[in-house]
Structures are given as structure tokens and as C-alpha cells.
>>> print(open('run-v5.txt').read())   # compact mmCIF, C-alpha atoms (C1' of nucleotides)
# COMPACT_ATOMS: atom_id res chain seq x y z
CA MET A 495 0.00 0.00 0.00
CA ARG A 496 1.88 2.99 -1.22
CA ILE A 497 1.26 6.69 -1.47
CA SER A 498 2.79 7.72 -4.78
CA ALA A 499 5.05 10.69 -5.31
CA ARG A 500 2.24 12.31 -7.31
CA ALA A 501 -0.11 12.17 -4.32
CA ASP A 502 2.51 13.35 -1.87
CA TYR A 503 3.52 16.23 -4.15
CA ALA A 504 -0.11 17.13 -4.79
CA VAL A 505 -0.86 17.48 -1.10
CA ARG A 506 2.29 19.48 -0.45
CA ALA A 507 1.62 21.88 -3.32
CA SER A 508 -1.96 22.33 -2.13
CA LEU A 509 -0.71 23.09 1.36
CA GLU A 510 1.59 25.73 -0.03
CA LEU A 511 -1.42 27.25 -1.76
CA ALA A 512 -3.45 27.09 1.43
CA VAL A 513 -0.86 29.01 3.41
CA ARG A 514 -0.48 31.71 0.76
CA GLU A 515 -4.16 32.22 0.31
CA ASN A 516 -4.68 35.94 -0.20
CA GLY A 517 -6.46 36.24 -3.54
CA GLU A 518 -3.23 36.39 -5.48
CA PRO A 519 -2.45 33.39 -7.67
CA VAL A 520 0.77 31.50 -6.96
CA LYS A 521 2.98 30.37 -9.84
CA ALA A 522 3.84 26.75 -10.39
CA GLU A 523 7.50 27.70 -10.27
CA ALA A 524 7.08 29.14 -6.77
CA LEU A 525 5.33 26.00 -5.54
CA SER A 526 7.99 23.87 -7.15
CA ALA A 527 10.78 25.79 -5.42
CA ALA A 528 9.07 25.97 -2.04
CA GLN A 529 8.49 22.21 -1.81
CA ASP A 530 11.39 21.02 -3.95
CA ILE A 531 9.25 19.34 -6.57
CA PRO A 532 10.43 19.00 -10.21
CA HIS A 533 8.83 21.89 -12.02
CA LYS A 534 7.49 20.18 -15.13
CA PHE A 535 6.31 17.20 -13.17
CA LEU A 536 4.40 19.47 -10.85
CA GLU A 537 2.70 21.15 -13.82
CA GLY A 538 1.14 17.83 -14.76
CA ILE A 539 -0.04 17.29 -11.22
CA LEU A 540 -1.58 20.77 -11.11
CA SER A 541 -3.46 19.91 -14.30
CA ASP A 542 -4.98 16.92 -12.53
CA LEU A 543 -5.88 19.08 -9.56
CA ARG A 544 -7.53 21.59 -11.85
CA ARG A 545 -9.53 18.91 -13.66
CA GLY A 546 -10.47 17.51 -10.26
CA GLY A 547 -11.81 20.83 -9.10
CA ILE A 548 -9.23 21.29 -6.35
CA VAL A 549 -7.51 24.34 -7.81
CA VAL A 550 -8.28 27.00 -10.39
CA SER A 551 -5.70 28.57 -12.64
CA ARG A 552 -5.07 31.88 -14.29
CA ARG A 553 -2.77 32.32 -17.25
CA GLY A 554 -0.60 35.16 -18.37
CA GLY A 555 1.04 38.12 -16.69
CA ASN A 556 0.61 37.45 -13.02
CA GLY A 557 -1.16 34.16 -13.38
CA GLY A 558 -0.78 31.06 -11.26
CA TYR A 559 -2.92 28.76 -9.15
CA LEU A 560 -5.46 29.22 -6.37
CA LEU A 561 -7.45 26.77 -4.30
CA ALA A 562 -10.91 26.32 -5.78
CA ARG A 563 -12.54 26.43 -2.34
CA ALA A 564 -11.56 27.35 1.18
CA ALA A 565 -8.75 25.28 2.64
CA ASP A 566 -11.00 23.98 5.39
CA ALA A 567 -13.33 22.53 2.75
CA ILE A 568 -10.68 20.40 1.00
CA THR A 569 -9.65 17.12 2.55
CA VAL A 570 -6.50 15.14 1.92
CA ALA A 571 -8.74 12.48 0.40
CA ASP A 572 -10.02 14.99 -2.16
CA VAL A 573 -6.50 15.81 -3.26
CA VAL A 574 -5.34 12.21 -3.40
CA ARG A 575 -8.40 11.14 -5.40
CA ALA A 576 -7.79 13.89 -7.93
CA VAL A 577 -4.38 12.52 -8.83
CA GLU A 578 -4.60 8.82 -7.98
CA GLY A 579 -8.23 7.85 -8.46
CA PRO A 580 -9.85 5.58 -5.88
CA ILE A 581 -8.23 5.73 -2.45
CA VAL A 582 -8.07 1.97 -1.92
CA SER A 583 -8.23 -0.71 -4.57
CA VAL A 584 -7.64 -4.46 -4.55
CA ARG A 585 -6.08 -5.84 -7.72
CA GLY A 586 -7.07 -2.59 -9.45
CA GLU A 587 -10.75 -2.95 -8.55
CA ARG A 588 -12.85 -1.31 -5.90
CA PRO A 589 -13.43 -3.81 -3.08
CA SER A 590 -17.18 -3.76 -3.60
CA VAL A 591 -16.97 -5.50 -6.98
CA LEU A 592 -14.87 -8.42 -5.79
CA THR A 593 -16.27 -11.86 -5.18
CA TYR A 594 -14.57 -14.47 -3.04
CA SER A 595 -15.31 -18.13 -2.64
CA GLY A 596 -14.95 -20.67 0.11
CA PRO A 597 -13.01 -19.68 3.20
CA ALA A 598 -12.04 -16.39 1.56
CA GLN A 599 -15.56 -15.03 1.62
CA PRO A 600 -15.15 -13.03 4.83
CA LEU A 601 -12.04 -11.43 3.36
CA LEU A 602 -14.22 -8.93 1.54
CA PRO A 603 -15.50 -7.19 4.70
CA VAL A 604 -11.89 -7.03 5.87
CA TRP A 605 -10.87 -5.03 2.80
CA VAL A 606 -13.94 -2.87 3.20
CA ALA A 607 -13.11 -2.18 6.83
CA LEU A 608 -9.57 -1.34 5.81
CA ARG A 609 -10.80 1.15 3.27
CA ALA A 610 -13.19 2.67 5.80
CA ASN A 611 -10.35 3.16 8.25
CA VAL A 612 -8.18 4.79 5.62
CA ARG A 613 -11.00 7.10 4.67
CA LYS A 614 -11.58 8.01 8.30
CA ILE A 615 -8.12 9.53 8.32
CA LEU A 616 -7.87 11.04 4.85
CA GLU A 617 -11.40 12.42 4.78
CA GLY A 618 -11.09 13.73 8.31
CA VAL A 619 -8.12 16.00 7.73
CA THR A 620 -8.39 19.23 5.73
CA LEU A 621 -5.64 21.30 4.20
CA ASP A 622 -6.40 23.96 6.75
CA ASP A 623 -5.90 21.49 9.60
CA ILE A 624 -2.40 20.72 8.36
CA ALA A 625 -1.39 24.21 7.31
CA ARG A 626 -2.29 25.58 10.76
CA ASP A 627 -0.96 22.51 12.55
CA ARG A 628 -4.31 21.81 14.16
CA LEU A 629 -4.80 18.14 13.44
CA PRO A 630 -8.11 16.59 14.55
CA ASP A 631 -7.99 14.76 17.84
CA PRO A 632 -8.40 11.24 16.42
CA VAL A 633 -5.42 11.80 14.13
CA ARG A 634 -3.34 13.39 16.82
CA GLU A 635 -4.03 10.53 19.20
CA LEU A 636 -2.89 7.97 16.66
CA ALA A 637 0.24 9.93 15.80
CA ASP A 638 1.11 10.57 19.44
CA ASP A 639 1.41 6.87 20.12
CA PRO A 640 5.13 6.04 19.94
CA ALA A 641 4.23 2.59 18.65
CA ALA A 642 2.92 4.22 15.48
CA TRP A 643 6.44 5.39 14.68
CA ARG A 644 8.24 2.09 15.09
CA ASN A 645 9.59 0.74 11.87
CA PRO A 646 8.32 -2.71 10.87
CA MET B 362 -3.29 2.81 -2.25
CA ARG B 363 -3.68 -0.58 -3.76
CA ILE B 364 -3.58 -4.12 -2.55
CA SER B 365 -1.73 -6.03 -5.26
CA ALA B 366 -2.86 -9.29 -6.78
CA ARG B 367 0.09 -10.97 -5.06
CA ALA B 368 -1.14 -9.89 -1.63
CA ASP B 369 -4.74 -10.81 -2.33
CA TYR B 370 -3.73 -14.22 -3.69
CA ALA B 371 -1.36 -14.80 -0.78
CA VAL B 372 -4.08 -14.23 1.79
CA ARG B 373 -6.57 -16.40 -0.06
CA ALA B 374 -4.12 -19.27 -0.44
CA SER B 375 -3.24 -19.02 3.24
CA LEU B 376 -6.93 -19.13 4.14
CA GLU B 377 -7.33 -22.25 2.09
CA LEU B 378 -4.47 -23.78 4.05
CA ALA B 379 -6.02 -22.68 7.33
CA VAL B 380 -9.28 -24.41 6.58
CA ARG B 381 -7.64 -27.67 5.51
CA GLU B 382 -5.34 -27.82 8.50
CA ASN B 383 -5.07 -31.47 9.45
CA GLY B 384 -1.37 -32.27 9.32
CA GLU B 385 -1.51 -33.27 5.66
CA PRO B 386 0.26 -30.91 3.25
CA VAL B 387 -1.85 -29.30 0.51
CA LYS B 388 -0.50 -29.11 -3.03
CA ALA B 389 -0.06 -25.79 -4.83
CA GLU B 390 -2.25 -27.14 -7.61
CA ALA B 391 -5.13 -27.70 -5.17
CA LEU B 392 -4.82 -24.19 -3.76
CA SER B 393 -4.64 -22.79 -7.25
CA ALA B 394 -7.79 -24.60 -8.30
CA ALA B 395 -9.73 -23.81 -5.13
CA GLN B 396 -9.13 -20.08 -5.34
CA ASP B 397 -8.76 -19.72 -9.10
CA ILE B 398 -5.21 -18.43 -9.01
CA PRO B 399 -2.77 -19.05 -11.91
CA HIS B 400 -0.77 -22.06 -10.84
CA LYS B 401 2.75 -20.98 -11.64
CA PHE B 402 2.16 -17.50 -10.35
CA LEU B 403 0.97 -18.93 -7.07
CA GLU B 404 4.13 -21.01 -6.77
CA GLY B 405 6.18 -17.82 -6.68
CA ILE B 406 3.92 -16.38 -4.03
CA LEU B 407 4.21 -19.53 -1.94
CA SER B 408 8.01 -19.21 -2.14
CA ASP B 409 7.72 -15.73 -0.63
CA LEU B 410 5.46 -17.07 2.08
CA ARG B 411 7.92 -19.82 2.88
CA ARG B 412 10.84 -17.39 3.05
CA GLY B 413 8.70 -15.15 5.24
CA GLY B 414 8.02 -17.98 7.67
CA ILE B 415 4.29 -18.13 6.99
CA VAL B 416 4.20 -21.60 5.47
CA VAL B 417 6.42 -24.65 5.38
CA SER B 418 6.73 -26.96 2.42
CA ARG B 419 7.39 -30.60 1.67
CA ARG B 420 8.52 -31.86 -1.68
CA GLY B 421 7.88 -35.04 -3.53
CA GLY B 422 5.35 -37.77 -3.28
CA ASN B 423 2.56 -36.35 -1.20
CA GLY B 424 4.22 -33.03 -0.58
CA GLY B 425 2.64 -29.63 -0.46
CA TYR B 426 2.31 -26.71 1.90
CA LEU B 427 1.29 -26.24 5.53
CA LEU B 428 0.94 -23.19 7.71
CA ALA B 429 4.09 -22.66 9.75
CA ARG B 430 2.09 -21.79 12.87
CA ALA B 431 -1.49 -22.02 14.06
CA ALA B 432 -3.95 -20.02 11.99
CA ASP B 433 -4.89 -17.89 14.98
CA ALA B 434 -1.25 -16.80 15.27
CA ILE B 435 -0.95 -15.46 11.71
CA THR B 436 -2.38 -12.04 10.92
CA VAL B 437 -3.28 -10.64 7.53
CA ALA B 438 -0.48 -8.11 8.04
CA ASP B 439 2.02 -10.97 8.39
CA VAL B 440 0.95 -12.41 5.06
CA VAL B 441 0.91 -9.10 3.24
CA ARG B 442 4.34 -8.14 4.55
CA ALA B 443 5.79 -11.45 3.39
CA VAL B 444 4.88 -10.71 -0.23
CA GLU B 445 4.75 -6.91 -0.43
CA GLY B 446 7.21 -5.65 2.14
CA PRO B 447 6.23 -2.68 4.29
CA ILE B 448 2.48 -2.27 4.71
CA VAL B 449 2.42 1.46 3.99
CA SER B 450 5.04 3.51 2.17
CA VAL B 451 5.14 7.05 0.86
CA ARG B 452 7.14 7.50 -2.36
CA GLY B 453 8.70 4.12 -1.71
CA GLU B 454 9.96 5.10 1.74
CA ARG B 455 8.69 4.37 5.21
CA PRO B 456 6.95 7.45 6.58
CA SER B 457 9.42 7.76 9.44
CA VAL B 458 12.33 8.68 7.18
CA LEU B 459 10.55 11.52 5.36
CA THR B 460 11.24 15.18 6.08
CA TYR B 461 8.84 17.95 5.14
CA SER B 462 9.35 21.69 5.16
CA GLY B 463 7.15 24.72 5.72
CA PRO B 464 3.40 24.18 5.84
CA ALA B 465 3.86 20.50 4.94
CA GLN B 466 5.55 19.65 8.21
CA PRO B 467 2.40 18.35 9.94
CA LEU B 468 1.78 16.10 6.95
CA LEU B 469 4.16 13.54 8.41
CA PRO B 470 1.99 12.73 11.47
CA VAL B 471 -0.93 12.37 9.08
CA TRP B 472 0.83 9.65 7.13
CA VAL B 473 1.90 8.01 10.38
CA ALA B 474 -1.67 8.04 11.68
CA LEU B 475 -2.81 6.56 8.38
CA ARG B 476 -0.34 3.73 8.69
CA ALA B 477 -1.35 3.13 12.30
CA ASN B 478 -4.98 2.86 11.28
CA VAL B 479 -4.15 0.42 8.52
CA ARG B 480 -2.14 -1.69 10.91
CA LYS B 481 -4.96 -1.70 13.41
CA ILE B 482 -7.04 -3.58 10.86
CA LEU B 483 -4.47 -5.85 9.25
CA GLU B 484 -2.68 -6.78 12.48
CA GLY B 485 -5.97 -7.31 14.26
CA VAL B 486 -7.36 -9.98 12.00
CA THR B 487 -5.97 -13.50 11.92
CA LEU B 488 -6.42 -16.19 9.29
CA ASP B 489 -8.48 -18.11 11.80
CA ASP B 490 -10.82 -15.15 12.27
CA ILE B 491 -11.56 -15.10 8.56
CA ALA B 492 -11.66 -18.83 7.95
CA ARG B 493 -14.22 -19.27 10.75
CA ASP B 494 -16.03 -16.07 9.86
CA ARG B 495 -15.51 -14.63 13.32
CA LEU B 496 -14.18 -11.17 12.56
CA PRO B 497 -13.13 -9.06 15.55
CA ASP B 498 -15.71 -6.56 16.71
CA PRO B 499 -13.85 -3.43 15.56
CA VAL B 500 -13.62 -4.82 12.04
CA ARG B 501 -17.19 -6.03 12.01
CA GLU B 502 -18.44 -2.64 13.16
CA LEU B 503 -16.61 -0.87 10.36
CA ALA B 504 -17.81 -3.33 7.74
CA ASP B 505 -21.39 -3.25 8.99
CA ASP B 506 -21.68 0.45 8.27
CA PRO B 507 -23.39 0.76 4.87
CA ALA B 508 -21.42 3.93 4.22
CA ALA B 509 -18.28 1.82 4.09
CA TRP B 510 -19.66 0.07 1.01
CA ARG B 511 -20.53 3.13 -1.03
CA ASN B 512 -18.44 3.53 -4.08
CA PRO B 513 -16.52 6.81 -4.26
C1' DG C 411 13.95 -46.09 -10.42
C1' DT C 412 10.15 -43.64 -11.35
C1' DA C 413 6.52 -40.57 -10.43
C1' DT C 414 5.47 -36.54 -8.02
C1' DT C 415 6.01 -32.09 -6.28
C1' DT C 416 8.56 -28.21 -4.74
C1' DC C 417 12.41 -24.91 -5.94
C1' DA C 418 15.20 -21.70 -8.60
C1' DT C 419 15.97 -19.05 -12.53
C1' DA C 420 15.01 -16.70 -16.27
C1' DC C 421 12.03 -14.59 -19.36
C1' DC C 422 8.07 -12.03 -21.28
C1' DT C 423 4.50 -8.39 -21.83
C1' DT C 424 2.03 -4.70 -20.22
C1' DT C 425 1.36 -1.03 -17.36
C1' DC C 426 2.61 2.47 -14.19
C1' DC C 427 5.90 5.86 -12.17
C1' DC C 428 8.73 9.72 -12.44
C1' DA C 429 10.41 12.99 -15.17
C1' DT C 430 11.81 16.14 -19.30
C1' DA C 431 11.08 18.81 -23.66
C1' DG C 432 8.78 21.81 -26.97
C1' DG C 433 5.53 24.51 -28.49
C1' DG C 434 0.74 26.49 -28.47
C1' DA C 435 -2.93 29.21 -26.19
C1' DA C 436 -4.46 32.69 -23.13
C1' DG C 437 -3.92 36.66 -20.64
C1' DG C 438 -1.63 41.04 -19.10
C1' DT C 439 1.37 45.36 -20.33
C1' DG C 440 3.01 49.33 -22.86
C1' DC D 161 -0.20 46.01 -32.06
C1' DA D 162 4.01 43.70 -30.32
C1' DC D 163 5.83 41.42 -26.36
C1' DC D 164 6.26 38.95 -22.26
C1' DT D 165 4.64 35.77 -18.96
C1' DT D 166 2.45 31.78 -17.51
C1' DC D 167 -0.44 28.05 -17.98
C1' DC D 168 -1.71 24.06 -21.09
C1' DC D 169 -1.21 20.05 -24.11
C1' DT D 170 1.19 16.35 -26.28
C1' DA D 171 4.93 13.55 -26.89
C1' DT D 172 8.86 11.02 -25.33
C1' DG D 173 11.83 8.05 -22.48
C1' DG D 174 14.05 5.27 -18.95
C1' DG D 175 13.20 2.31 -15.36
C1' DA D 176 10.71 -0.39 -12.37
C1' DA D 177 6.92 -3.16 -11.01
C1' DA D 178 2.92 -6.06 -11.90
C1' DG D 179 1.13 -10.17 -13.68
C1' DG D 180 2.12 -14.29 -15.69
C1' DT D 181 4.75 -18.28 -18.22
C1' DA D 182 8.38 -21.82 -19.17
C1' DT D 183 12.10 -24.91 -18.14
C1' DG D 184 14.67 -27.77 -15.69
C1' DA D 185 16.93 -29.16 -11.31
C1' DA D 186 16.42 -31.05 -6.57
C1' DA D 187 14.12 -33.57 -3.13
C1' DT D 188 10.91 -37.11 -1.45
C1' DA D 189 7.51 -41.18 -1.51
C1' DC D 190 6.56 -45.50 -3.26
>>> encode(input="run-v5.txt", output="C-alpha cells")
Amino acid sequence: MRISARADYAVRASLELAVRENGEPVKAEALSAAQDIPHKFLEGILSDLRRGGIVVSRRGGNGGYLLARAADAITVADVVRAVEGPIVSVRGERPSVLTYSGPAQPLLPVWVALRANVRKILEGVTLDDIARDRLPDPVRELADDPAAWRNP
Amino acid sequence: MRISARADYAVRASLELAVRENGEPVKAEALSAAQDIPHKFLEGILSDLRRGGIVVSRRGGNGGYLLARAADAITVADVVRAVEGPIVSVRGERPSVLTYSGPAQPLLPVWVALRANVRKILEGVTLDDIARDRLPDPVRELADDPAAWRNP
DNA sequence: GTATTTCATACCTTTCCCATAGGGAAGGTG
DNA sequence: CACCTTCCCTATGGGAAAGGTATGAAATAC
């Protein structure tokens, strides 16, 4: 289960937009420099975010990108979905279309529960939460547990 | 965030072993047929499981595979790790080695909380739980919520 | 010895990931 | 209008991973 570079970059660029929110568009080059993301690669990601309704763009003179809505109305899940599609998939399919036989039948609700737990995190955290370092309590509690940081 | 075919197949094959546990080894061909998994592909997966200490094998005559420990002592996380490596990674790295700057700094605890929540599911369910259709309460509660089954 | 089954290696095809390059389209400025 | 800036689109490429196949060697049961 991996978070791709695209998704990670997308969230970080969106956070940079959230923190600079003042009506003025921010250039891709500025985002790229601030978060150390390859410039041309980031442009493609921003295109996905625009098509996904996360950001809006303005061309020309002092163009750039802006969040399409307030930062507290955009969740991490929204951003990840815009660039990666479905949050959790099994063998490329959404869990709900899978069919299992024999002793594997109860495996389906396990995948569904897994997806629900992932969503609880990613849909529960907004860009504003992160940009202002005010993570929701459930997330904070999980992250404060030292066991969550151990390696294997 | 995807569960690969390898991981899905690995869990299903292990479940098939769990349910046939009677001291007699089960052939790869039988597992392959029971769960509709390409035979040769499954052999490679079973090699990973053996190297990961999940199953033991016997060659020849009436050889085959057996679980290396009792089914209630093997979690889904154990099986997935044996074939996929770390459960959750960001850009190919474990979350704990990442460093973020500026407004993205609190993104790290978000990824860590995500991983913790994934582990809570996958480390909390054993092969025996699934094979006997006795999922732990936390998992059952998540899966019983109809919202967990909705598509997007 | 022979049949059976795992084990190791290599190979193949397709797709995704990460990234770069070039030019066109749209908007501002003088 | 000419000119500059910036986004926008398409193409390209190397490399890895995913998914699957083939072949033969090694071990074990009978």
C-alpha cells in the first residue's frame, strides 16, 4: 500500500497554496521551489488538480494557481483522489466489486473495513488542519502513540 | 493505495491452508484450483510465504504446503508483509524517514496516523478469524456500516 | 527407479511511475 | 499592435513493477 510521489507532491503543493491564500495566484515555479518538486512534473499534477476541481488557474502576466474552495473545505482524500483515483483498490478494482469463494468469503468485509479506516483519516483531515498545525484529535491521538512510529 | 494481486492471492491461499489444516500438506495445484489463481504465479507467491516464515513446504510424493504456525497466530499483516514488504510507504519510503518543510511539516503525522490505522485492521485480523467467519468486533463494526460500502 | 512435487531461474509483456522537452494558447502590459 | 509571462497540451523516455509463463533441477515417496 503505497502513497505515490504524485499524491505526496499534490498534497504538499496544495498546502503551499493554502498558506499563501490571499487572492493572489501562486505560480507553479514558486510551488515547485518551495516544496522542492520537479517543475514540469508538478505542472502535470496541477493539471490533474484543476480537472479535479481542487484548484483554479489563471494564465498570463501574473497568473498562477489558487485553491478552488476554502482550505477547510478540501480534505487530503479529495486531493489524493484527484491525482490517484480511488483511495483503496484491490487488484485494481474497488473492493465492492470483488467476489470471493470458500473460506475467503469473509475477506471482503476485511478489505472494506480497511478502506473505511483509511477514509476516516484522509477524509477527516483538511488542508487547513495541516497548514495551521491543528490536526483533529483522532489523528493526533494515533500519531502521538510512539508505537505508530516504530519501523516494521 | 492498492492491494496487489500478489497480496490478495497470498491471503486467499493461506486461508485455504487454514481451513484444511489437518497435518496433511496441501499441493499448490489444489490451492490454485480452489481459489482460481494461476498455478505458476501462485508457486512464486508460496516461495515468498515460505521465506517469510508463513508456510512450510514438503517436496515429492505427497508433498505440499502447511501453515508454519497455528492459523490464529498469523495475521493478515504478516501475510501481506511477506509478499509486499512494508504495509504502507510514501514515495517508496517508510513514513518515518521523510522530512517535510514549511506548511507541509504536519503532513508527516498524518501519514503516520494513516499507517497506524491500517495496521490496526491488518494486524488485528488472523487467518483463523476469517476462515471461521468470526471477525473481531472493531472490524465487524466498520464493515457493517453501509457507508463503508458506497463507491466513491 | 520412477513418479510426483517443490524450488530456482530466467524470461516475457504490459502497465505504471517519475520525469523532461517543446511549443501552443491565453492573458496582461506598454 | 508587439511582447512577455504563464499556464496548457502532447509527446517522449528510462526504469521499475505487476502479472504471468516456461524450463529444468532437486528432493521425497513408493
>>> residues_around(input="run-v5.txt", residues="Val416 in chain B", least_positions_apart="2", cutoff="9 Å", atoms="only C-alpha atoms (C1' of nucleotides)", output="MDAnalysis selection string")
chainID B and resid 375 407:408 410:414 418 426:430
>>> residues_around(input="run-v5.txt", residues="DA186 in chain D", least_positions_apart="6", cutoff="12 Å", atoms="all atoms listed in the file", output="PyMOL selection string")
(chain B and resi 420-421) or (chain C and resi 415-418)
>>> residues_around(input="run-v5.txt", residues="DT170 in chain D", least_positions_apart="6", cutoff="12 Å", atoms="all atoms listed in the file", output="PDB file with C-alpha atoms (C1' of nucleotides), in the coordinates of the input")
ATOM      1  CA  GLY A 538       1.140  17.830 -14.760  1.00  0.00           C
TER       2      GLY A 538
ATOM      3  C1'  DA C 431      11.080  18.810 -23.660  1.00  0.00           C
ATOM      4  C1'  DG C 432       8.780  21.810 -26.970  1.00  0.00           C
ATOM      5  C1'  DG C 433       5.530  24.510 -28.490  1.00  0.00           C
ATOM      6  C1'  DG C 434       0.740  26.490 -28.470  1.00  0.00           C
TER       7       DG C 434
END
>>> atom_distance(input="run-v5.txt", atom1="CA of Val387 in chain B", atom2="CA of Ile448 in chain B")
27.7 Å
>>> closest_atom_pairs(input="run-v5.txt", of="chain C", to="chain A", cutoff="12 Å", atoms="all atoms listed in the file", output="CSV")
residue,atom,partner,partner_atom,distance
C:DT425,C1',A:Gly586,CA,11.7
C:DC426,C1',A:Ser498,CA,10.8
C:DC427,C1',A:Ser498,CA,8.2
C:DC428,C1',A:Phe535,CA,7.9
C:DA429,C1',A:Phe535,CA,6.2
C:DT430,C1',A:Lys534,CA,7.2
C:DA431,C1',A:Lys534,CA,9.4
C:DA435,C1',A:Arg553,CA,9.5
C:DA436,C1',A:Arg553,CA,6.1
C:DG437,C1',A:Gly554,CA,4.3
C:DG438,C1',A:Gly555,CA,4.6
C:DT439,C1',A:Gly555,CA,8.1
>>> interface_residues(input="run-v5.txt", of="chain D", to="chain A", cutoff="9 Å", atoms="all atoms listed in the file", output="list in words")
DC164, DT165, DT166, DC167 and DC168 of chain D
>>> interface_residues(input="run-v5.txt", of="chain A", to="chain B", cutoff="7 Å", atoms="only C-alpha atoms", output="count of residues only")
39
>>> atom_distance(input="run-v5.txt", atom1="C1' of DC190 in chain D", atom2="C1' of DA413 in chain C")
8.7 Å
>>> atom_distance(input="run-v5.txt", atom1="CA of Val417 in chain B", atom2="CA of Glu382 in chain B")
12.6 Å
